[in-house]
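Here is upload27.cif, consisting of mmCIF, C-alpha atoms and all ligand atoms:
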```cif
data_coords
loop_
_atom_site.label_atom_id
_atom_site.label_comp_id
_atom_site.auth_asym_id
_atom_site.auth_seq_id
_atom_site.Cartn_x
_atom_site.Cartn_y
_atom_site.Cartn_z
CA MET T 1 100.99 68.99 81.54
CA ALA T 2 101.01 71.70 84.21
CA LYS T 3 103.91 73.49 85.88
CA LEU T 4 104.22 73.75 89.65
CA LEU T 5 106.62 76.49 90.70
CA TYR T 6 108.16 75.86 94.11
CA ILE T 7 109.74 78.81 95.92
CA GLU T 8 111.92 77.84 98.90
CA ALA T 9 112.75 80.49 101.50
CA SER T 10 114.59 78.66 104.32
CA PRO T 11 118.41 78.48 104.21
CA ARG T 12 118.39 75.55 106.68
CA LYS T 13 117.82 72.88 104.05
CA ASP T 14 117.93 69.42 105.70
CA ARG T 15 117.28 70.98 109.13
CA SER T 16 114.32 73.03 107.87
CA SER T 17 110.77 72.13 108.88
CA SER T 18 109.15 74.15 106.08
CA ILE T 19 111.31 72.41 103.47
CA ALA T 20 110.65 68.93 104.91
CA VAL T 21 106.90 69.51 104.68
CA ALA T 22 107.17 71.06 101.21
CA ARG T 23 109.17 68.03 100.05
CA GLU T 24 106.41 65.75 101.33
CA PHE T 25 103.89 67.87 99.42
CA ILE T 26 105.96 67.64 96.22
CA ALA T 27 106.41 63.87 96.56
CA ALA T 28 102.63 63.39 96.80
CA TYR T 29 102.03 65.91 94.01
CA THR T 30 104.50 64.20 91.67
CA GLN T 31 102.96 60.82 92.33
CA ALA T 32 99.49 62.18 91.52
CA HIS T 33 100.67 64.19 88.48
CA PRO T 34 103.61 62.26 86.99
CA ASP T 35 103.58 64.32 83.79
CA ASP T 36 103.69 67.71 85.48
CA VAL T 37 106.87 69.75 85.78
CA VAL T 38 108.10 70.98 89.17
CA GLU T 39 110.45 73.96 88.94
CA THR T 40 112.28 74.96 92.12
CA ILE T 41 113.53 78.42 93.00
CA ASP T 42 115.91 78.30 95.96
CA LEU T 43 115.99 81.92 97.08
CA TRP T 44 119.39 81.39 98.73
CA THR T 45 121.14 80.48 95.49
CA LEU T 46 119.05 82.61 93.13
CA ASP T 47 121.02 85.54 91.75
CA MET T 48 118.60 88.38 92.44
CA PRO T 49 119.32 91.86 91.08
CA PRO T 50 119.43 94.66 93.65
CA PHE T 51 116.14 96.49 93.85
CA ASP T 52 117.87 99.77 93.15
CA GLY T 53 117.19 103.31 91.91
CA ALA T 54 117.09 102.35 88.22
CA THR T 55 114.53 99.63 88.92
CA ILE T 56 112.36 101.94 91.00
CA ASN T 57 112.58 104.71 88.37
CA ALA T 58 111.57 102.15 85.73
CA LYS T 59 108.64 101.04 87.88
CA TYR T 60 107.35 104.61 88.26
CA LYS T 61 107.91 105.36 84.58
CA VAL T 62 105.85 102.30 83.64
CA LEU T 63 103.12 103.42 86.05
CA HIS T 64 103.06 106.91 84.51
CA GLY T 65 103.64 105.87 80.89
CA LEU T 66 107.00 107.71 80.63
CA GLU T 67 110.01 106.85 78.47
CA ARG T 68 112.84 104.92 80.19
CA THR T 69 116.63 105.40 79.99
CA ALA T 70 118.85 102.53 78.77
CA ASP T 71 119.77 101.67 82.40
CA GLU T 72 116.13 101.63 83.41
CA ASP T 73 115.29 99.48 80.38
CA ARG T 74 117.92 96.92 81.40
CA ALA T 75 116.62 96.88 84.97
CA TRP T 76 113.06 96.44 83.71
CA GLU T 77 114.02 93.54 81.42
CA THR T 78 115.52 91.71 84.40
CA VAL T 79 112.46 92.33 86.52
CA ALA T 80 110.26 91.08 83.67
CA GLU T 81 112.28 87.84 83.46
CA PHE T 82 111.68 87.17 87.17
CA ALA T 83 107.97 88.00 86.94
CA GLY T 84 107.82 85.75 83.85
CA ARG T 85 108.78 82.74 85.96
CA LEU T 86 105.68 83.30 88.10
CA LYS T 87 103.48 83.92 85.07
CA LYS T 88 104.61 80.70 83.39
CA ALA T 89 103.56 78.67 86.44
CA ASP T 90 100.12 77.07 86.62
CA LYS T 91 100.35 76.47 90.38
CA ILE T 92 102.58 77.88 93.09
CA LEU T 93 104.06 76.41 96.27
CA ILE T 94 105.94 78.63 98.72
CA SER T 95 107.68 77.31 101.84
CA SER T 96 108.88 79.85 104.36
CA PRO T 97 110.09 80.17 107.93
CA MET T 98 108.76 82.91 110.18
CA TRP T 99 111.54 85.37 110.88
CA ASN T 100 110.89 88.18 113.32
CA PHE T 101 107.15 87.71 112.89
CA GLY T 102 107.45 88.11 109.12
CA ILE T 103 109.30 86.47 106.23
CA PRO T 104 113.04 86.11 105.48
CA TYR T 105 114.54 89.06 103.59
CA THR T 106 115.32 86.87 100.58
CA LEU T 107 111.61 86.19 100.06
CA LYS T 108 110.82 89.89 100.50
CA HIS T 109 113.56 90.70 97.95
CA PHE T 110 111.97 88.30 95.46
CA ILE T 111 108.53 89.84 96.09
CA ASP T 112 109.87 93.37 95.57
CA ILE T 113 111.29 92.26 92.22
CA VAL T 114 108.18 90.52 90.88
CA VAL T 115 105.37 92.80 92.10
CA GLN T 116 105.42 95.16 89.15
CA PRO T 117 102.90 97.20 87.14
CA GLY T 118 102.03 95.70 83.80
CA LEU T 119 103.72 92.42 84.76
CA THR T 120 101.88 91.08 87.81
CA PHE T 121 99.32 93.83 88.42
CA THR T 122 97.74 96.78 86.65
CA VAL T 123 96.33 100.11 87.81
CA SER T 124 93.29 101.50 86.01
CA PRO T 125 93.06 105.23 85.19
CA GLY T 126 90.62 105.43 88.10
CA GLY T 127 93.29 104.03 90.46
CA GLU T 128 91.93 100.52 90.81
CA TYR T 129 94.45 97.72 91.21
CA ASN T 130 94.00 94.46 89.35
CA GLY T 131 96.16 91.34 89.83
CA LEU T 132 97.37 89.62 86.66
CA LEU T 133 98.12 86.17 88.10
CA ALA T 134 94.53 85.10 88.70
CA GLY T 135 93.69 81.44 88.19
CA ARG T 136 96.89 80.12 89.76
CA PRO T 137 96.19 78.28 93.00
CA ALA T 138 98.88 78.51 95.66
CA VAL T 139 99.95 76.60 98.75
CA LEU T 140 101.90 78.15 101.61
CA VAL T 141 103.95 75.94 103.92
CA LEU T 142 104.74 78.10 106.94
CA ALA T 143 107.04 77.08 109.79
CA ARG T 144 107.19 78.99 113.05
CA GLY T 145 109.05 78.44 116.27
CA GLY T 146 106.08 79.53 118.35
CA GLU T 147 102.33 79.02 118.06
CA TYR T 148 100.20 81.70 116.45
CA GLY T 149 96.98 80.00 115.42
CA ASP T 150 94.52 82.16 113.51
CA GLY T 151 94.24 85.90 113.72
CA THR T 152 97.09 86.84 116.04
CA THR T 153 98.42 90.34 115.59
CA TYR T 154 102.00 88.99 115.72
CA ASP T 155 101.66 86.91 112.55
CA TYR T 156 102.98 89.03 109.68
CA GLN T 157 104.21 85.93 107.85
CA ARG T 158 100.89 84.36 106.85
CA THR T 159 98.94 87.63 106.64
CA TYR T 160 101.54 89.37 104.47
CA LEU T 161 102.01 86.46 102.07
CA LYS T 162 98.24 86.12 101.62
CA LEU T 163 97.92 89.86 101.06
CA ILE T 164 100.67 90.15 98.48
CA LEU T 165 99.57 87.04 96.58
CA GLY T 166 96.02 88.43 96.52
CA PHE T 167 97.39 91.74 95.22
CA MET T 168 98.78 89.83 92.23
CA GLY T 169 95.42 88.08 91.74
CA ILE T 170 96.27 84.82 93.53
CA THR T 171 93.31 84.36 95.84
CA ASP T 172 93.02 80.55 96.01
CA VAL T 173 95.64 80.14 98.74
CA ARG T 174 95.81 77.05 100.94
CA GLU T 175 98.01 76.81 104.00
CA ILE T 176 99.96 74.16 105.85
CA ILE T 177 101.24 75.48 109.16
CA VAL T 178 104.09 73.78 111.01
CA GLU T 179 104.08 75.06 114.58
CA PRO T 180 105.60 75.07 117.10
CA THR T 181 109.01 73.99 115.83
CA ILE T 182 110.75 75.27 118.96
CA ALA T 183 109.18 73.51 121.94
CA GLU T 184 109.33 70.27 123.90
CA LYS T 185 110.46 67.38 121.63
CA GLY T 186 107.17 65.47 121.63
CA THR T 187 105.13 68.60 120.85
CA VAL T 188 107.39 69.46 117.92
CA ALA T 189 107.25 65.90 116.58
CA ARG T 190 103.44 65.87 116.75
CA ALA T 191 103.23 69.23 114.99
CA LYS T 192 105.55 68.06 112.26
CA ASP T 193 103.72 64.75 111.80
CA ALA T 194 100.40 66.57 111.46
CA ALA T 195 101.84 68.97 108.88
CA MET T 196 103.42 66.09 106.94
CA ALA T 197 100.09 64.25 106.82
CA GLU T 198 98.34 67.40 105.61
CA ALA T 199 101.03 67.94 102.96
CA LYS T 200 100.61 64.39 101.70
CA LYS T 201 96.86 64.85 101.39
CA LEU T 202 96.97 68.31 99.83
CA GLY T 203 99.84 67.42 97.50
CA ALA T 204 97.86 64.51 96.05
CA ALA T 205 94.76 66.66 95.54
CA PHE T 206 96.37 69.91 94.33
C1 LIG K 301 116.26 84.97 112.26
C2 LIG K 301 115.17 84.16 112.88
C3 LIG K 301 114.05 84.80 113.37
C4 LIG K 301 112.99 84.05 113.91
N1 LIG K 301 111.86 84.70 114.33
C5 LIG K 301 110.82 83.99 114.81
C6 LIG K 301 109.61 84.64 115.21
O1 LIG K 301 109.45 85.84 115.10
N2 LIG K 301 108.60 83.88 115.69
C7 LIG K 301 108.71 82.52 115.81
O2 LIG K 301 107.75 81.88 116.24
N3 LIG K 301 109.84 81.88 115.44
C8 LIG K 301 110.89 82.58 114.93
N4 LIG K 301 112.03 81.94 114.53
C9 LIG K 301 112.06 80.46 114.57
C10 LIG K 301 111.68 79.89 113.22
O3 LIG K 301 110.44 80.38 112.76
C11 LIG K 301 111.59 78.36 113.30
O4 LIG K 301 112.86 77.87 113.67
C12 LIG K 301 111.13 77.73 112.00
O5 LIG K 301 111.08 76.35 112.19
C13 LIG K 301 112.05 78.08 110.87
O6 LIG K 301 111.64 77.46 109.68
P1 LIG K 301 112.58 76.39 108.97
O7 LIG K 301 112.72 75.28 109.96
O8 LIG K 301 111.85 75.98 107.76
O9 LIG K 301 113.88 77.07 108.66
C14 LIG K 301 113.10 82.65 114.00
C15 LIG K 301 114.24 82.01 113.52
C16 LIG K 301 115.27 82.75 112.97
C17 LIG K 301 116.49 82.04 112.45
#
```
Show me the file's structure as C-alpha cells.
Amino acid sequence: MAKLLYIEASPRKDRSSSIAVAREFIAAYTQAHPDDVVETIDLWTLDMPPFDGATINAKYKVLHGLERTADEDRAWETVAEFAGRLKKADKILISSPMWNFGIPYTLKHFIDIVVQPGLTFTVSPGGEYNGLLAGRPAVLVLARGGEYGDGTTYDYQRTYLKLILGFMGITDVREIIVEPTIAEKGTVARAKDAAMAEAKKLGAAF
C-alpha cells in the first residue's frame, strides 16, 4: 500500500483548471491502485507557520551544527512536521496555477517551510548538496492562462518547481500542462480535454 501526497495550490476550487485535471488524475490513480492512500494538502486551508526569524536562525544553526534556543527548537519541530508529510509520501502530485510567471505565494510558503537541511537535503563538509527525497516520483499539473510551451524564459512556474524538487532529490518529475486557459472558448476546451486525457492515462500508470 503506497501513499500519494496531493498538494493543491489553486484557491479557485471548482473553477480551477489545475484542480480539475488533478482530480481526473486521482480518479484514474485510485481506480488503478484501490488500496493506496491519497492524502490531500489544500494550501489555502493549511495552517502554515510564518517563516520567521526563529525558523531561519534554527535553519542556520542546523547547517552550522550550533545549539538552538527554546524558540528555535519549537520552530524547528514545526518545520520537521511539515517536511515529515513529504517524507512519508511514496509519490507526489502537485497542481498549481501560474501566477505572475511563477507559483502562488502559498506554494512558495510551503516550499520555504519544507526545504530544510537534515530534513529534505544535506550539505557535505565539502559544500555538496544532496536531496533526501530521492525515489519519490512526482507529477506536476500546471495551468496557465497563456501558452508557454517548452523553454520560454517567462516560465518560472515549471522551471522553478522542477528545480526545487530536484534539489530535494525528486528527479523523476512528469508534467501535465493545461494551457491556454484564457483564450477563445474552443481553444480552452481543447486544451483542457487534452490535459484531462493525459491525466487519465498518467494517473492509471503512475
Ligand atoms: C494572480 C494571477 C496571476 C496570473 N498570472 C499569470 C501569468 O503570469 N501568466 C499566465 O499565463 N497566466 C496567469 N494567470 C492566469 C492563470 O494562470 C490561469 O487562470 C490558470 O488557469 C489558473 O489556474 P487555475 O485555473 O488552476 O486556478 C494569472 C492569474 C492570477 C489570478
Kindly compile the residues surrounding ligand LIG 301 (chain K) within 8 Å, counting only C-alpha atoms and all ligand atoms, and format them as number ranges by chain.
T: 9-13, 15-20, 95-102, 104, 142-148, 178-182
Just the residues within 8 Å of T:Phe82, please, counting all atoms listed in the file, with nothing from its chain fewer than 3 positions along; format it as an NGL selection string.
:T and (78-79 or 85-86 or 113-114)
Report as an NGL selection string all protein, DNA and RNA residues lying within 12 Å of T:Lys200, evaluated on all atoms listed in the file, omitting residues in the same chain fewer than 3 positions from it.
:T and (20-32 or 176 or 193-197 or 203-206)
Closest atom pairs, stretch 25-88 of chain T residues within 8 Å of stretch 119-131 of chain T, all atoms listed in the file, as CSV:
```
residue,atom,partner,partner_atom,distance
T:Leu63,CA,T:Val123,CA,7.8
T:Ala80,CA,T:Leu119,CA,6.8
T:Ala83,CA,T:Leu119,CA,6.5
T:Gly84,CA,T:Leu119,CA,7.9
T:Lys87,CA,T:Thr120,CA,7.8
```
Separation of atom CA of T:Val38 from atom CA of T:Ala134 in Å
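That distance, rounded to one decimal, is 19.6 Å.
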From the options T:Ala89, T:Leu163, T:Val141, T:Ala191, which residue's atoms come nearest to T:Glu175, counting all atoms listed in the file?
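Closest residue, counting all atoms listed in the file: T:Val141.
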Taking into account only C-alpha atoms, which residue in the set T:Val173, T:Met1, T:Leu93, T:Ala183 is nearest to T:Asp36?
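Among the listed residues, T:Met1 lies closest to T:Asp36.
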Point out the residue among T:Pro34, T:Ile94, T:Glu8, T:Ala75 with the least atom-to-atom distance to T:Arg158, counting all atoms listed in the file.
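For T:Arg158, the nearest of the given residues is T:Ile94.
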With distances taken over only C-alpha atoms, which residue among T:Tyr6, T:Tyr154, T:Phe51, T:Trp44 lies nearest T:Val115?
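Once distances to T:Val115 are computed over only C-alpha atoms, the minimum belongs to T:Phe51.
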Atom-to-atom span, atom CA of T:Ile7 and atom CA of T:Asp42, Å
6.2 Å
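Atom pair atom CA of T:Arg136 / atom CA of T:Lys59: separated by 24.1 Å.
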Please return, as a short mmCIF file (atom, residue, chain, number, x, y, z; two decimals) with C-alpha atoms, in the coordinates of the input, all polymer residues that have at least one atom within 6 Å of the point (107.7, 73.5, 88.8); use all atoms listed in the file and the file's own coordinate frame.
```cif
data_model
loop_
_atom_site.label_atom_id
_atom_site.label_comp_id
_atom_site.auth_asym_id
_atom_site.auth_seq_id
_atom_site.Cartn_x
_atom_site.Cartn_y
_atom_site.Cartn_z
CA LYS T 3 103.91 73.49 85.88
CA LEU T 4 104.22 73.75 89.65
CA LEU T 5 106.62 76.49 90.70
CA TYR T 6 108.16 75.86 94.11
CA VAL T 37 106.87 69.75 85.78
CA VAL T 38 108.10 70.98 89.17
CA GLU T 39 110.45 73.96 88.94
CA THR T 40 112.28 74.96 92.12
#
```
Find the spatial neighbours of T:Arg68, counting only C-alpha atoms, within a cut-off of 10 Å - ignore same-chain residues fewer than 6 positions away - and output them as a PyMOL selection string.
chain T and resi 54+57-62+74+76
